[in-house]
$ cat upload-v1.cif   # mmCIF, C-alpha atoms
data_work
#
loop_
_atom_site.label_atom_id
_atom_site.label_comp_id
_atom_site.auth_asym_id
_atom_site.auth_seq_id
_atom_site.Cartn_x
_atom_site.Cartn_y
_atom_site.Cartn_z
CA MET Z 1 31.32 40.59 -21.18
CA THR Z 2 30.86 37.38 -19.27
CA HIS Z 3 27.97 35.00 -19.37
CA GLY Z 4 26.48 32.64 -16.83
CA ASN Z 5 27.00 32.71 -13.09
CA ALA Z 6 29.32 35.06 -11.26
CA ALA Z 7 32.68 33.63 -10.21
CA GLY Z 8 32.49 31.46 -7.13
CA THR Z 9 28.75 30.83 -7.35
CA SER Z 10 26.93 27.63 -8.28
CA PRO Z 11 23.83 27.34 -10.44
CA PRO Z 12 20.63 26.96 -8.46
CA SER Z 13 19.87 23.31 -7.86
CA THR Z 14 16.59 21.80 -8.93
CA PRO Z 15 14.77 20.21 -5.99
CA ALA Z 16 14.68 16.44 -6.28
CA THR Z 17 11.27 14.94 -6.92
CA PRO Z 18 10.18 13.01 -3.81
CA ARG Z 19 9.89 9.27 -4.18
CA SER Z 20 6.38 8.01 -4.75
CA THR Z 21 4.59 4.91 -3.47
CA LEU Z 22 1.30 3.61 -4.87
CA VAL Z 23 -0.81 1.21 -2.82
CA VAL Z 24 -3.63 -0.64 -4.62
CA THR Z 25 -6.06 -2.10 -2.11
CA ALA Z 26 -9.35 -3.94 -2.50
CA HIS Z 27 -11.09 -2.70 0.65
CA ALA Z 28 -11.00 0.28 2.96
CA GLY Z 29 -9.09 -1.45 5.75
CA ASP Z 30 -6.64 -3.59 3.81
CA PHE Z 31 -3.93 -0.98 3.36
CA VAL Z 32 -3.78 -0.33 7.10
CA TRP Z 33 -3.48 -3.92 8.32
CA ARG Z 34 -1.11 -5.12 5.61
CA ALA Z 35 1.02 -2.10 4.65
CA GLY Z 36 0.42 0.63 7.23
CA GLY Z 37 4.02 0.47 8.40
CA ALA Z 38 5.47 0.79 4.90
CA ILE Z 39 3.15 3.73 4.21
CA ALA Z 40 4.06 5.51 7.43
CA LEU Z 41 7.78 4.95 6.86
CA ALA Z 42 7.62 6.41 3.36
CA ALA Z 43 5.58 9.40 4.54
CA SER Z 44 8.00 10.01 7.43
CA ARG Z 45 10.79 10.40 4.85
CA GLY Z 46 8.81 13.04 3.00
CA GLU Z 47 7.78 10.69 0.21
CA LYS Z 48 4.44 10.85 -1.55
CA VAL Z 49 2.07 7.95 -0.88
CA THR Z 50 -1.12 7.44 -2.89
CA ILE Z 51 -3.66 4.77 -1.92
CA ALA Z 52 -6.04 3.54 -4.61
CA CYS Z 53 -8.88 2.09 -2.53
CA LEU Z 54 -11.10 0.17 -4.95
CA THR Z 55 -14.03 -0.46 -2.59
CA TYR Z 56 -15.20 0.49 0.88
CA GLY Z 57 -15.56 -3.14 1.93
CA GLU Z 58 -19.18 -2.27 2.54
CA ARG Z 59 -20.65 -5.72 1.90
CA GLY Z 60 -17.99 -8.21 2.91
CA GLU Z 61 -15.99 -6.46 5.63
CA SER Z 62 -18.56 -4.47 7.59
CA ALA Z 63 -20.50 -7.18 9.42
CA LYS Z 64 -20.79 -5.16 12.65
CA ALA Z 65 -22.50 -2.28 10.85
CA TRP Z 66 -24.95 -4.59 9.09
CA ARG Z 67 -25.89 -6.20 12.41
CA GLU Z 68 -26.55 -2.70 13.78
CA GLY Z 69 -29.12 -2.18 11.01
CA ARG Z 70 -27.16 0.40 9.00
CA SER Z 71 -28.09 1.02 5.36
CA LEU Z 72 -25.68 0.40 2.50
CA GLU Z 73 -25.05 4.11 1.97
CA GLU Z 74 -24.53 4.66 5.70
CA ILE Z 75 -21.96 1.86 5.77
CA LYS Z 76 -20.14 3.24 2.74
CA GLU Z 77 -19.91 6.67 4.33
CA MET Z 78 -18.74 5.20 7.63
CA ARG Z 79 -16.01 3.12 5.97
CA ARG Z 80 -14.95 6.06 3.81
CA ALA Z 81 -14.54 8.23 6.91
CA GLU Z 82 -12.60 5.51 8.74
CA ALA Z 83 -10.27 4.87 5.82
CA GLY Z 84 -9.75 8.58 5.22
CA ALA Z 85 -8.80 9.10 8.86
CA ALA Z 86 -6.43 6.12 8.77
CA ALA Z 87 -4.75 7.35 5.58
CA ALA Z 88 -4.30 10.82 7.08
CA THR Z 89 -2.80 9.30 10.22
CA LEU Z 90 -0.27 7.41 8.09
CA GLY Z 91 0.49 10.52 6.00
CA ALA Z 92 -1.02 9.29 2.73
CA GLU Z 93 -3.56 10.47 0.18
CA VAL Z 94 -6.41 8.07 -0.60
CA VAL Z 95 -8.42 7.88 -3.84
CA PHE Z 96 -11.74 6.04 -3.47
CA PHE Z 97 -13.06 4.18 -6.51
CA ASP Z 98 -16.35 2.90 -5.00
CA ALA Z 99 -16.24 -0.08 -7.37
CA GLY Z 100 -18.36 -2.36 -5.18
CA ASP Z 101 -17.11 -5.38 -3.23
CA TYR Z 102 -18.25 -8.97 -2.88
CA PRO Z 103 -17.60 -9.34 -5.70
CA LEU Z 104 -15.06 -6.82 -6.94
CA THR Z 105 -15.35 -7.29 -10.69
CA ILE Z 106 -12.47 -6.60 -13.07
CA THR Z 107 -13.63 -4.33 -15.91
CA PRO Z 108 -11.80 -2.39 -18.63
CA GLU Z 109 -13.23 0.83 -17.23
CA LEU Z 110 -11.90 0.15 -13.73
CA THR Z 111 -8.49 -0.81 -15.06
CA ASP Z 112 -8.43 2.36 -17.14
CA ARG Z 113 -9.14 4.48 -14.06
CA LEU Z 114 -6.28 2.75 -12.30
CA VAL Z 115 -3.92 3.47 -15.22
CA ALA Z 116 -4.71 7.15 -14.77
CA VAL Z 117 -3.78 6.91 -11.08
CA TYR Z 118 -0.48 5.23 -11.99
CA ARG Z 119 0.40 7.98 -14.44
CA ALA Z 120 -0.56 10.71 -11.99
CA ALA Z 121 1.37 9.13 -9.11
CA GLN Z 122 4.45 8.07 -11.14
CA PRO Z 123 5.26 5.46 -8.46
CA ASP Z 124 8.75 4.27 -7.57
CA VAL Z 125 7.19 1.39 -5.60
CA VAL Z 126 3.83 -0.41 -5.83
CA LEU Z 127 2.22 -2.35 -2.96
CA THR Z 128 -0.78 -4.62 -3.44
CA HIS Z 129 -2.37 -7.97 -2.58
CA PRO Z 130 -1.01 -11.38 -3.62
CA LEU Z 131 -2.61 -13.06 -6.63
CA GLU Z 132 -4.01 -15.94 -4.57
CA ASP Z 133 -6.62 -15.91 -1.80
CA PRO Z 134 -9.20 -18.72 -1.61
CA TYR Z 135 -11.11 -16.87 1.10
CA ASN Z 136 -11.64 -13.51 -0.60
CA GLY Z 137 -11.73 -13.17 -4.38
CA ASP Z 138 -11.70 -9.37 -4.15
CA HIS Z 139 -8.04 -9.43 -3.10
CA PRO Z 140 -6.68 -11.32 -6.16
CA ALA Z 141 -8.95 -9.21 -8.38
CA ALA Z 142 -7.37 -6.02 -7.02
CA ALA Z 143 -3.88 -7.49 -7.47
CA ARG Z 144 -4.61 -8.52 -11.05
CA MET Z 145 -5.82 -5.03 -11.91
CA ALA Z 146 -2.81 -3.49 -10.16
CA LEU Z 147 -0.40 -5.55 -12.27
CA ASP Z 148 -2.33 -5.05 -15.52
CA ALA Z 149 -2.62 -1.30 -15.00
CA ARG Z 150 1.11 -1.08 -14.24
CA VAL Z 151 1.92 -2.62 -17.63
CA LEU Z 152 -0.62 -0.49 -19.50
CA ALA Z 153 0.61 2.69 -17.82
CA GLN Z 154 4.06 1.99 -19.31
CA ALA Z 155 2.72 1.73 -22.86
CA ILE Z 156 3.09 4.98 -24.81
CA GLY Z 157 0.28 3.92 -27.13
CA TYR Z 158 -2.24 3.29 -24.37
CA PRO Z 159 -4.90 6.02 -24.51
CA ALA Z 160 -4.75 7.53 -21.04
CA GLU Z 161 -3.84 10.96 -19.75
CA GLY Z 162 -0.47 11.65 -18.23
CA GLU Z 163 3.12 10.62 -18.85
CA ILE Z 164 4.03 6.96 -19.13
CA ILE Z 165 5.63 5.37 -16.08
CA GLY Z 166 8.78 3.29 -15.67
CA ALA Z 167 8.78 -0.23 -14.25
CA PRO Z 168 8.33 0.23 -10.48
CA PRO Z 169 9.02 -2.84 -8.34
CA VAL Z 170 5.92 -4.50 -6.92
CA PHE Z 171 5.61 -5.90 -3.42
CA PHE Z 172 2.74 -8.16 -2.35
CA PHE Z 173 1.74 -7.46 1.24
CA GLU Z 174 0.82 -10.25 3.62
CA PRO Z 175 -2.71 -11.69 3.38
CA HIS Z 176 -4.81 -12.59 6.40
CA GLN Z 177 -4.17 -16.32 6.04
CA PRO Z 178 -0.73 -16.51 4.38
CA GLU Z 179 -0.39 -20.29 4.51
CA MET Z 180 -3.48 -20.66 2.31
CA CYS Z 181 -2.44 -17.98 -0.17
CA GLY Z 182 0.97 -19.22 -1.28
CA PHE Z 183 2.61 -16.37 0.63
CA LYS Z 184 6.25 -16.59 1.75
CA PRO Z 185 7.85 -13.70 3.69
CA GLU Z 186 10.64 -12.90 1.22
CA VAL Z 187 11.09 -9.33 2.47
CA LEU Z 188 10.87 -8.28 6.12
CA LEU Z 189 10.45 -4.54 6.65
CA ASP Z 190 11.39 -3.01 10.01
CA ILE Z 191 8.51 -0.70 10.99
CA SER Z 192 9.51 -0.24 14.65
CA GLU Z 193 10.01 3.52 14.38
CA VAL Z 194 6.49 4.03 13.01
CA TRP Z 195 4.70 1.25 14.87
CA GLU Z 196 2.72 3.63 17.09
CA THR Z 197 1.54 5.50 13.99
CA LYS Z 198 0.36 2.26 12.39
CA ARG Z 199 -1.42 1.26 15.58
CA LYS Z 200 -3.23 4.63 15.70
CA ALA Z 201 -4.29 4.14 12.07
CA MET Z 202 -5.59 0.66 12.91
CA GLU Z 203 -7.65 2.16 15.70
CA CYS Z 204 -9.38 4.41 13.16
CA LEU Z 205 -11.05 1.27 11.78
CA ALA Z 206 -13.76 0.72 14.38
CA ALA Z 207 -15.74 -1.47 11.97
CA GLN Z 208 -13.01 -4.12 12.25
CA ARG Z 209 -11.94 -3.68 15.84
CA HIS Z 210 -11.49 -7.45 16.16
CA LEU Z 211 -8.40 -7.17 13.95
CA TRP Z 212 -6.48 -4.65 16.06
CA ASP Z 213 -4.84 -7.23 18.31
CA TYR Z 214 -4.43 -9.78 15.51
CA TYR Z 215 -2.27 -7.44 13.44
CA THR Z 216 -0.40 -6.21 16.50
CA ASP Z 217 0.56 -9.80 17.29
CA LEU Z 218 1.53 -10.40 13.65
CA ALA Z 219 3.83 -7.35 13.66
CA VAL Z 220 5.55 -8.71 16.77
CA ARG Z 221 6.02 -12.18 15.22
CA ARG Z 222 7.43 -10.74 12.00
CA GLY Z 223 9.69 -8.53 14.12
CA VAL Z 224 11.12 -11.62 15.82
CA GLN Z 225 11.78 -13.15 12.39
CA LEU Z 226 13.39 -9.92 11.19
CA LYS Z 227 15.86 -9.89 14.09
CA ARG Z 228 16.69 -13.56 13.58
CA ASN Z 229 17.46 -12.98 9.91
CA ALA Z 230 19.31 -9.71 10.48
CA GLY Z 231 21.81 -11.23 12.89
CA PRO Z 232 23.19 -9.81 16.16
CA ASN Z 233 25.14 -6.85 14.77
CA LEU Z 234 22.34 -4.69 13.38
CA GLY Z 235 21.59 -3.04 16.73
CA LEU Z 236 17.83 -3.57 16.53
CA PRO Z 237 15.76 -2.62 19.59
CA HIS Z 238 14.38 -5.34 21.82
CA ALA Z 239 10.84 -4.50 20.71
CA THR Z 240 10.94 -4.81 16.94
CA TYR Z 241 7.87 -4.69 14.70
CA ALA Z 242 7.87 -5.74 11.06
CA GLU Z 243 5.74 -6.35 7.96
CA ALA Z 244 6.30 -9.14 5.44
CA TYR Z 245 6.24 -8.83 1.63
CA MET Z 246 6.75 -10.93 -1.51
CA ARG Z 247 8.11 -9.88 -4.91
CA PRO Z 248 6.42 -11.08 -8.12
CA TYR Z 249 9.19 -9.63 -10.33
CA PRO Z 250 12.98 -10.10 -10.05
CA GLN Z 251 15.02 -7.60 -8.09
CA VAL Z 252 17.30 -5.57 -10.36
CA THR Z 253 20.68 -4.87 -8.76
CA GLY Z 254 24.35 -4.37 -9.45
CA GLU Z 255 25.36 -5.80 -6.10
CA LEU Z 256 24.15 -8.80 -4.13
CA ALA Z 257 23.20 -7.73 -0.64
#
$ encode --input "upload-v1.cif" --output "structure tokens"
Amino acid sequence: MTHGNAAGTSPPSTPATPRSTLVVTAHAGDFVWRAGGAIALAASRGEKVTIACLTYGERGESAKAWREGRSLEEIKEMRRAEAGAAAATLGAEVVFFDAGDYPLTITPELTDRLVAVYRAAQPDVVLTHPLEDPYNGDHPAAARMALDARVLAQAIGYPAEGEIIGAPPVFFFEPHQPEMCGFKPEVLLDISEVWETKRKAMECLAAQRHLWDYYTDLAVRRGVQLKRNAGPNLGLPHATYAEAYMRPYPQVTGELA
């Protein structure tokens, strides 16, 4: 009597768990302008992308709607719909916290909710704001909570549902005024193949239409820098679009590349 598989057959393989990206963003539009290309790239590879959107940007980033006489609840609903459409265009799932902007206040309860998202998403990569922005305190607040929740989600003794996470690398996406935020483009990500998807997601954000061309121009400039740093042998297309990122933690590697 034999046991196991018949001769010449292999055991059924277990499907690999798709990679997971978690994006922690202060306002409804931030993830599109700053990281829409990275999100679309990950989704195009079949990876899971979860966006933790802490606020709708209803007070500080919806000036057009306020001038039109919209109520606070109307503006929230409008921004929620815009951000939801943008996330769907990029291929991501968005979780809205409705924590209130201007100011976004760090609280233990909010951090605890974010820990739960970390443990549910089990991210391989985390994208968020830099820790410095003299023009918008909501952005550093979101980044601080993203980093704190990442550490707490690793702690087996922290009282939150779900399995503990590993130590996913964190990338800070580019702020609106990088020179004033201590931002240096340490990582240039080629988003050329998904640029049209990012542009369509940007166009979902009618409340901030004035930013569509700004972030198109920025993607072109970063694309020029990417080609210059890549050298002539990479075979990049003439029209290259890119996003810039920083790393707050060291890269772990067995090979310098």
$ atom_distance --input "upload-v1.cif" --atom1 "CA of Phe183 (chain Z)" --atom2 "CA of Leu131 (chain Z)"
9.5 Å
$ residues_around --input "upload-v1.cif" --residues "region 107-123 of chain Z" --least-positions-apart "6" --cutoff "7 Å" --atoms "only C-alpha atoms" --output "list of chain:residue names"
Z:Ser20, Z:Thr21, Z:Leu22, Z:Thr50, Z:Met145, Z:Ala149, Z:Arg150, Z:Leu152, Z:Ala153, Z:Ala160, Z:Glu161, Z:Gly162, Z:Glu163, Z:Ile164, Z:Ile165, Z:Pro168
$ write_last_selection --input "upload-v1.cif" --atoms "C-alpha atoms" --output "PDB file, in the frame of the given file"
ATOM      1  CA  SER Z  20       6.380   8.010  -4.750  1.00  0.00           C
ATOM      2  CA  THR Z  21       4.590   4.910  -3.470  1.00  0.00           C
ATOM      3  CA  LEU Z  22       1.300   3.610  -4.870  1.00  0.00           C
ATOM      4  CA  THR Z  50      -1.120   7.440  -2.890  1.00  0.00           C
ATOM      5  CA  MET Z 145      -5.820  -5.030 -11.910  1.00  0.00           C
ATOM      6  CA  ALA Z 149      -2.620  -1.300 -15.000  1.00  0.00           C
ATOM      7  CA  ARG Z 150       1.110  -1.080 -14.240  1.00  0.00           C
ATOM      8  CA  LEU Z 152      -0.620  -0.490 -19.500  1.00  0.00           C
ATOM      9  CA  ALA Z 153       0.610   2.690 -17.820  1.00  0.00           C
ATOM     10  CA  ALA Z 160      -4.750   7.530 -21.040  1.00  0.00           C
ATOM     11  CA  GLU Z 161      -3.840  10.960 -19.750  1.00  0.00           C
ATOM     12  CA  GLY Z 162      -0.470  11.650 -18.230  1.00  0.00           C
ATOM     13  CA  GLU Z 163       3.120  10.620 -18.850  1.00  0.00           C
ATOM     14  CA  ILE Z 164       4.030   6.960 -19.130  1.00  0.00           C
ATOM     15  CA  ILE Z 165       5.630   5.370 -16.080  1.00  0.00           C
ATOM     16  CA  PRO Z 168       8.330   0.230 -10.480  1.00  0.00           C
TER      17      PRO Z 168
END
$ resolve_selection --input "upload-v1.cif" --expression "the PyMOL selection byres ((chain Z and resi 176) around 10)" --output "ChimeraX atom specification"
/Z:30,33-34,133,135-136,173-175,177-181,211,214-215,218
$ closest_atom_pairs --input "upload-v1.cif" --of "region 163-225 of chain Z" --to "region 66-90 of chain Z" --cutoff "7 Å" --atoms "all atoms listed in the file" --output "Markdown table"
| residue | atom | partner | partner_atom | distance |
| --- | --- | --- | --- | --- |
| Z:Thr197 | CA | Z:Leu90 | CA | 6.5 |
| Z:Lys198 | CA | Z:Leu90 | CA | 6.7 |
| Z:Ala201 | CA | Z:Ala86 | CA | 4.4 |
| Z:Met202 | CA | Z:Ala86 | CA | 6.9 |
| Z:Cys204 | CA | Z:Ala86 | CA | 5.6 |
| Z:Leu205 | CA | Z:Glu82 | CA | 5.4 |
$ write_last_selection --input "upload-v1.cif" --atoms "C-alpha atoms" --output "PDB file, in the frame of the given file"
ATOM      1  CA  THR Z 197       1.540   5.500  13.990  1.00  0.00           C
ATOM      2  CA  LYS Z 198       0.360   2.260  12.390  1.00  0.00           C
ATOM      3  CA  ALA Z 201      -4.290   4.140  12.070  1.00  0.00           C
ATOM      4  CA  MET Z 202      -5.590   0.660  12.910  1.00  0.00           C
ATOM      5  CA  CYS Z 204      -9.380   4.410  13.160  1.00  0.00           C
ATOM      6  CA  LEU Z 205     -11.050   1.270  11.780  1.00  0.00           C
TER       7      LEU Z 205
END
$ atom_distance --input "upload-v1.cif" --atom1 "CA of Pro169 (chain Z)" --atom2 "CA of Asp217 (chain Z)"
27.9 Å
$ residues_around --input "upload-v1.cif" --residues "region 220-223 of chain Z" --least-positions-apart "5" --cutoff "7 Å" --atoms "all atoms listed in the file" --output "PyMOL selection string"
chain Z and resi 240-244
$ atom_distance --input "upload-v1.cif" --atom1 "CA of Ala40 (chain Z)" --atom2 "CA of Glu196 (chain Z)"
9.9 Å
$ resolve_selection --input "upload-v1.cif" --expression "the PyMOL selection byres ((chain Z and resi 53-55) around 7)" --output "PyMOL selection string"
chain Z and resi 24-28+51-52+56-57+94-101
$ closest_residue --input "upload-v1.cif" --among "Z:Ala65, Z:Leu256, Z:Ala167, Z:Leu104" --to "Pro140 (chain Z)" --atoms "only C-alpha atoms"
Z:Leu104
$ axis_aligned_box --input "upload-v1.cif" --around "region 194-203 of chain Z" --padding-each-side "8 Å" --output "lines of an AutoDock Vina configuration file"
center_x = -0.6
center_y = 3.1
center_z = 14.6
size_x = 30.1
size_y = 20.8
size_z = 21.0
